[in-house]
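The block underneath contains the structure these notes are about, expressed in structure tokens.
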Amino acid sequence: MASGNTLLIFTPLHNEPPAADYATLDIRNQHPVLDFDAADDESAVFSGILPRHYAGGGITVYIHVAFSSATSGNSVWNVSFERICNEDIDIDGDSFGVVQEINLEAPNPCGMVKVGHVDFTDGAQIDNLTVGEGLRLKITRDADNIDDNAVGDAELLFVELKET
Amino acid sequence: MTQLTDDKRKELWAEFMSLVSSERSELAGITKQELKVVVDVIDNWIEAAIPSFLAAIPSPGNTALTAKQKLYLFNAIVKKRWEVN
């Protein structure tokens, strides 16, 4: 397997919320969603193992997002990887790598889901992850970014990691 | 009754966005920043309108009630009207 293959899928129920400023679990018509506030930066964290079929390329992260109220405007998302490998990383602290940004416009009508993505190159951008290693993916709505102007909560439904 | 600080206005702005989000009330054609301007304008308007509101109440109410009591009634009446409509 190689380019184009799905590596991992996360849903809101996989979230391991940070101690503070976390996205809130909610339900929209029985769809689990994570609500990201419009006024404060909030985050969700997902963990997994980079699958054995990963061939060493870049990783594209897709996020599927709806909005509670907005039918226009933009949202800004920060995405970063943390490598958790054999006897090298102390999990008493966080060590997320470089942040990549996704800009996602609110779809119209309200209730539609918009998909955005960002490409991480192999190496430092994915915190030097290699096949079979543990990882965490942190997703933050950068609510205080001047370009994040969509009113109200953004609702994260799915996250997909695909080999670029 | 002093004008809201910018932090208090932001608090109110965030509360309003949380409210419409929890109700999933659609807000079309307005950005977060434009919504904050709405909060600012309303607070500024209230600040400018308070003296004429207080002056408009005839005696004996004008002298018998404190400014805070008159503004309590103003707030309560707006709230009742909002609940009806």
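Each chain of the structure tokens is named A, B, ... in the order shown, its residues numbered from 1; ligands are numbered from 1 in display order.
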*Please identify all polymer residues within 7 Å of region 39-49 of chain A, counting only C-alpha atoms, omitting same-chain residues fewer than 3 positions from it, and present them as a list in words.*
Phe10, His14, Asn15, Glu16, Pro17, Pro18, Asp21, Tyr22, Ala23, Phe36, Gly132, Glu133, Gly134, Leu135, Arg136, Leu137, Lys138, Ile139, Thr140, Arg141, Asp142, Ala143 and Asp144 of chain A; Ala14 of chain B
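Residues in contact range of Asp147 (chain A), defined as at most 8 Å between only C-alpha atoms, with sequence neighbours fewer than 5 positions away removed, read A:Asn74, A:Ser75, A:Val76.
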Output of the above residues as an mmCIF file, in the first residue's frame, restricted to N, CA and C atoms:
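Result written to part.cif:
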data_model
loop_
_atom_site.group_PDB
_atom_site.id
_atom_site.type_symbol
_atom_site.label_atom_id
_atom_site.label_comp_id
_atom_site.auth_asym_id
_atom_site.auth_seq_id
_atom_site.Cartn_x
_atom_site.Cartn_y
_atom_site.Cartn_z
ATOM 1 N N ASN A 74 -15.540 31.993 7.650
ATOM 2 C CA ASN A 74 -14.403 31.068 7.566
ATOM 3 C C ASN A 74 -14.013 30.582 8.963
ATOM 4 N N SER A 75 -13.454 29.377 9.005
ATOM 5 C CA SER A 75 -12.876 28.893 10.261
ATOM 6 C C SER A 75 -11.431 28.487 9.995
ATOM 7 N N VAL A 76 -10.604 28.639 11.015
ATOM 8 C CA VAL A 76 -9.181 28.315 10.884
ATOM 9 C C VAL A 76 -8.849 27.202 11.877
#
If we count only C-alpha atoms, which residues of chain A reach to within 12 Å of chain B? Please list them as a compact mmCIF listing (two decimals) with N, CA and C atoms, in the first residue's frame.
# COMPACT_ATOMS: atom_id res chain seq x y z
N THR A 24 -16.09 20.29 23.09
CA THR A 24 -17.12 19.63 23.89
C THR A 24 -17.90 18.63 23.07
N ASP A 26 -20.95 16.69 21.76
CA ASP A 26 -22.34 17.08 21.59
C ASP A 26 -22.97 16.10 20.59
N ILE A 27 -24.27 16.24 20.42
CA ILE A 27 -24.98 15.40 19.45
C ILE A 27 -25.80 16.29 18.55
N ARG A 28 -25.72 16.06 17.25
CA ARG A 28 -26.56 16.79 16.30
C ARG A 28 -27.35 15.74 15.52
N ASN A 29 -28.63 15.69 15.77
CA ASN A 29 -29.48 14.66 15.16
C ASN A 29 -28.86 13.28 15.32
N ASP A 35 -17.89 20.13 19.59
CA ASP A 35 -18.13 21.56 19.43
C ASP A 35 -16.87 22.36 19.75
N PHE A 36 -16.46 23.16 18.78
CA PHE A 36 -15.32 24.07 18.97
C PHE A 36 -15.86 25.49 19.03
N ASP A 37 -15.57 26.14 20.13
CA ASP A 37 -16.09 27.48 20.43
C ASP A 37 -15.60 28.52 19.41
N ALA A 38 -16.39 29.56 19.24
CA ALA A 38 -16.02 30.64 18.32
C ALA A 38 -15.22 31.74 18.99
N ALA A 39 -15.26 31.78 20.32
CA ALA A 39 -14.59 32.88 21.02
C ALA A 39 -13.26 32.47 21.64
N ASP A 40 -13.09 31.18 21.93
CA ASP A 40 -11.86 30.70 22.56
C ASP A 40 -11.28 29.54 21.77
N ALA A 66 -19.24 20.66 10.40
CA ALA A 66 -20.50 21.40 10.22
C ALA A 66 -20.45 22.60 11.17
N PHE A 67 -21.40 23.50 11.03
CA PHE A 67 -21.45 24.68 11.90
C PHE A 67 -22.82 24.76 12.56
N SER A 68 -22.83 25.13 13.84
CA SER A 68 -24.09 25.16 14.59
C SER A 68 -25.02 26.25 14.10
N SER A 69 -24.47 27.40 13.71
CA SER A 69 -25.28 28.56 13.36
C SER A 69 -24.86 29.22 12.06
N ALA A 70 -23.58 29.25 11.80
CA ALA A 70 -23.06 30.02 10.65
C ALA A 70 -23.43 29.36 9.33
N THR A 71 -23.75 30.20 8.36
CA THR A 71 -23.95 29.72 6.99
C THR A 71 -22.97 30.44 6.05
N SER A 72 -22.10 31.22 6.63
CA SER A 72 -21.06 31.88 5.87
C SER A 72 -19.90 32.14 6.81
N GLY A 73 -18.82 32.62 6.26
CA GLY A 73 -17.65 32.90 7.10
C GLY A 73 -16.67 31.75 7.05
N ASN A 74 -15.54 31.99 7.65
CA ASN A 74 -14.40 31.07 7.57
C ASN A 74 -14.01 30.58 8.96
N SER A 75 -13.45 29.38 9.00
CA SER A 75 -12.88 28.89 10.26
C SER A 75 -11.43 28.49 10.00
N GLU A 105 -14.53 27.12 5.01
CA GLU A 105 -15.69 28.01 4.99
C GLU A 105 -16.94 27.28 5.48
N ALA A 106 -17.79 28.02 6.16
CA ALA A 106 -19.06 27.44 6.62
C ALA A 106 -19.95 27.19 5.41
N PRO A 107 -20.48 25.97 5.28
CA PRO A 107 -21.37 25.69 4.15
C PRO A 107 -22.78 26.22 4.39
N ASN A 108 -23.51 26.34 3.33
CA ASN A 108 -24.89 26.82 3.39
C ASN A 108 -25.76 25.82 2.62
N PRO A 109 -26.89 25.34 3.19
CA PRO A 109 -27.50 25.72 4.45
C PRO A 109 -26.82 25.10 5.66
N CYS A 110 -27.21 25.61 6.83
CA CYS A 110 -26.69 25.10 8.09
C CYS A 110 -27.06 23.62 8.21
N GLY A 111 -26.11 22.80 8.60
CA GLY A 111 -26.34 21.37 8.69
C GLY A 111 -25.57 20.60 7.64
N ALA A 143 -9.67 30.11 17.10
CA ALA A 143 -10.81 31.05 17.13
C ALA A 143 -10.39 32.50 17.18
N ASP A 144 -9.22 32.78 17.75
CA ASP A 144 -8.80 34.18 17.82
C ASP A 144 -7.97 34.61 16.61
N ASN A 145 -7.87 33.74 15.62
CA ASN A 145 -7.22 34.12 14.36
C ASN A 145 -8.13 35.11 13.63
N ILE A 146 -7.56 36.19 13.10
CA ILE A 146 -8.35 37.21 12.44
C ILE A 146 -9.16 36.64 11.26
N ASP A 147 -8.65 35.56 10.66
CA ASP A 147 -9.35 34.95 9.53
C ASP A 147 -10.45 33.98 9.95
N ASP A 148 -10.54 33.69 11.25
CA ASP A 148 -11.63 32.84 11.74
C ASP A 148 -12.80 33.76 12.09
N ASN A 149 -13.77 33.85 11.18
CA ASN A 149 -14.86 34.83 11.40
C ASN A 149 -16.25 34.19 11.37
N ALA A 150 -16.33 32.87 11.29
CA ALA A 150 -17.64 32.21 11.29
C ALA A 150 -18.26 32.28 12.69
N VAL A 151 -19.51 32.67 12.74
CA VAL A 151 -20.21 32.84 14.02
C VAL A 151 -20.52 31.48 14.65
N GLY A 152 -20.36 31.38 15.95
CA GLY A 152 -20.82 30.20 16.69
C GLY A 152 -19.91 28.99 16.58
N ASP A 153 -20.41 27.88 17.12
CA ASP A 153 -19.61 26.67 17.22
C ASP A 153 -19.37 26.03 15.86
N ALA A 154 -18.19 25.42 15.72
CA ALA A 154 -17.91 24.52 14.61
C ALA A 154 -17.97 23.10 15.16
N GLU A 155 -18.53 22.20 14.37
CA GLU A 155 -18.77 20.83 14.86
C GLU A 155 -17.96 19.83 14.04
*Write out as a PyMOL selection string all residues of region 48-105 of chain A that backbone DSSP assigns to strand (DSSP E or B).*
chain A and resi 48-49+59-67+70+74-84+100-105
For Gly57 (chain A), list every protein, DNA or RNA residue within 10 Å, evaluated using only C-alpha atoms, and leave out those in the same chain fewer than 2 positions away; present the list as an mmCIF file with C-alpha atoms, in the first residue's frame.
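The result, written out as around-v4.cif:
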data_model
loop_
_atom_site.group_PDB
_atom_site.id
_atom_site.type_symbol
_atom_site.label_atom_id
_atom_site.label_comp_id
_atom_site.auth_asym_id
_atom_site.auth_seq_id
_atom_site.Cartn_x
_atom_site.Cartn_y
_atom_site.Cartn_z
ATOM 1 C CA ALA A 2 1.091 3.549 -0.545
ATOM 2 C CA SER A 3 -0.160 6.859 -1.718
ATOM 3 C CA TYR A 54 2.165 3.141 5.757
ATOM 4 C CA ALA A 55 4.828 3.448 3.059
ATOM 5 C CA ILE A 59 0.191 12.404 5.383
ATOM 6 C CA THR A 60 -2.922 14.335 4.415
ATOM 7 C CA PHE A 120 2.008 17.162 5.952
ATOM 8 C CA THR A 121 5.291 16.187 4.352
ATOM 9 C CA ASP A 122 7.187 13.179 5.663
ATOM 10 C CA GLY A 123 9.712 14.096 8.361
ATOM 11 C CA THR A 130 7.631 6.172 11.281
ATOM 12 C CA LYS A 162 -4.475 9.426 4.314
ATOM 13 C CA GLU A 163 -1.063 8.754 2.848
ATOM 14 C CA THR A 164 -0.583 11.723 0.529
#
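CA of Cys85 (chain A) is found 23.9 Å from CA of Tyr62 (chain A).
As for CA of Gln100 (chain A) and CA of Ser80 (chain A), they are spaced 6.4 Å apart.
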*In Å, how far is it from CA of Leu34 (chain A) to CA of Val38 (chain B)?*
27.8 Å
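With only C-alpha atoms as the atoms that count, the minimum distance from Leu73 (chain B) to the choices B:Leu12, B:Ile57, B:Asn44, B:Ser52 is reached by B:Ile57.
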*asked:* I need the alpha helix (DSSP H) residues of chain B per DSSP on the backbone, written as a ChimeraX atom specification.
replied: /B:6-23,32-56,61-64,67-84
Output C-alpha atoms for every residue in that selection, as an mmCIF file, in the first residue's frame.
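again.cif was written with the following content:
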data_model
loop_
_atom_site.group_PDB
_atom_site.id
_atom_site.type_symbol
_atom_site.label_atom_id
_atom_site.label_comp_id
_atom_site.auth_asym_id
_atom_site.auth_seq_id
_atom_site.Cartn_x
_atom_site.Cartn_y
_atom_site.Cartn_z
ATOM 1 C CA ASP B 6 -14.394 45.473 26.425
ATOM 2 C CA ASP B 7 -13.812 42.226 28.352
ATOM 3 C CA LYS B 8 -17.442 42.254 29.536
ATOM 4 C CA ARG B 9 -18.631 42.949 25.991
ATOM 5 C CA LYS B 10 -16.548 40.009 24.733
ATOM 6 C CA GLU B 11 -18.029 37.844 27.477
ATOM 7 C CA LEU B 12 -21.527 38.802 26.345
ATOM 8 C CA TRP B 13 -20.595 38.269 22.691
ATOM 9 C CA ALA B 14 -19.268 34.780 23.494
ATOM 10 C CA GLU B 15 -22.378 33.964 25.565
ATOM 11 C CA PHE B 16 -24.632 35.007 22.694
ATOM 12 C CA MET B 17 -22.709 32.827 20.234
ATOM 13 C CA SER B 18 -22.920 29.896 22.662
ATOM 14 C CA LEU B 19 -26.663 30.476 23.001
ATOM 15 C CA VAL B 20 -27.375 30.508 19.256
ATOM 16 C CA SER B 21 -25.057 27.518 18.812
ATOM 17 C CA SER B 22 -26.859 25.493 21.463
ATOM 18 C CA GLU B 23 -30.208 26.372 19.879
ATOM 19 C CA LYS B 32 -17.993 37.087 14.475
ATOM 20 C CA GLN B 33 -16.310 40.461 14.230
ATOM 21 C CA GLU B 34 -19.491 42.102 12.881
ATOM 22 C CA LEU B 35 -21.464 40.538 15.726
ATOM 23 C CA LYS B 36 -19.033 42.063 18.224
ATOM 24 C CA VAL B 37 -19.692 45.461 16.610
ATOM 25 C CA VAL B 38 -23.418 44.919 17.252
ATOM 26 C CA VAL B 39 -22.675 44.399 20.962
ATOM 27 C CA ASP B 40 -20.494 47.515 21.032
ATOM 28 C CA VAL B 41 -23.128 49.635 19.286
ATOM 29 C CA ILE B 42 -25.927 48.501 21.595
ATOM 30 C CA ASP B 43 -23.860 49.244 24.707
ATOM 31 C CA ASN B 44 -22.874 52.643 23.315
ATOM 32 C CA TRP B 45 -26.500 53.415 22.457
ATOM 33 C CA ILE B 46 -27.632 52.500 25.974
ATOM 34 C CA GLU B 47 -24.926 54.716 27.443
ATOM 35 C CA ALA B 48 -26.061 57.664 25.334
ATOM 36 C CA ALA B 49 -29.781 57.041 25.946
ATOM 37 C CA ILE B 50 -29.710 56.610 29.732
ATOM 38 C CA PRO B 51 -29.864 60.338 30.620
ATOM 39 C CA SER B 52 -32.919 60.999 28.429
ATOM 40 C CA PHE B 53 -34.603 57.805 29.693
ATOM 41 C CA LEU B 54 -34.118 58.851 33.306
ATOM 42 C CA ALA B 55 -35.308 62.368 32.551
ATOM 43 C CA ALA B 56 -38.437 61.098 30.779
ATOM 44 C CA GLY B 61 -41.421 58.343 40.199
ATOM 45 C CA ASN B 62 -38.512 60.396 39.025
ATOM 46 C CA THR B 63 -37.591 61.501 42.489
ATOM 47 C CA ALA B 64 -38.861 58.498 44.466
ATOM 48 C CA ALA B 67 -31.486 55.517 38.875
ATOM 49 C CA LYS B 68 -30.695 51.854 39.491
ATOM 50 C CA GLN B 69 -34.363 51.099 40.322
ATOM 51 C CA LYS B 70 -35.541 52.840 37.150
ATOM 52 C CA LEU B 71 -33.043 50.873 35.106
ATOM 53 C CA TYR B 72 -34.173 47.672 36.809
ATOM 54 C CA LEU B 73 -37.703 48.390 35.585
ATOM 55 C CA PHE B 74 -36.410 49.225 32.121
ATOM 56 C CA ASN B 75 -34.562 45.893 31.980
ATOM 57 C CA ALA B 76 -37.594 43.980 33.330
ATOM 58 C CA ILE B 77 -39.971 45.571 30.814
ATOM 59 C CA VAL B 78 -37.659 44.824 27.876
ATOM 60 C CA LYS B 79 -37.316 41.246 29.142
ATOM 61 C CA LYS B 80 -41.103 40.795 29.427
ATOM 62 C CA ARG B 81 -41.651 42.240 25.954
ATOM 63 C CA TRP B 82 -38.920 39.961 24.576
ATOM 64 C CA GLU B 83 -40.550 36.908 26.193
ATOM 65 C CA VAL B 84 -43.965 37.778 24.695
#
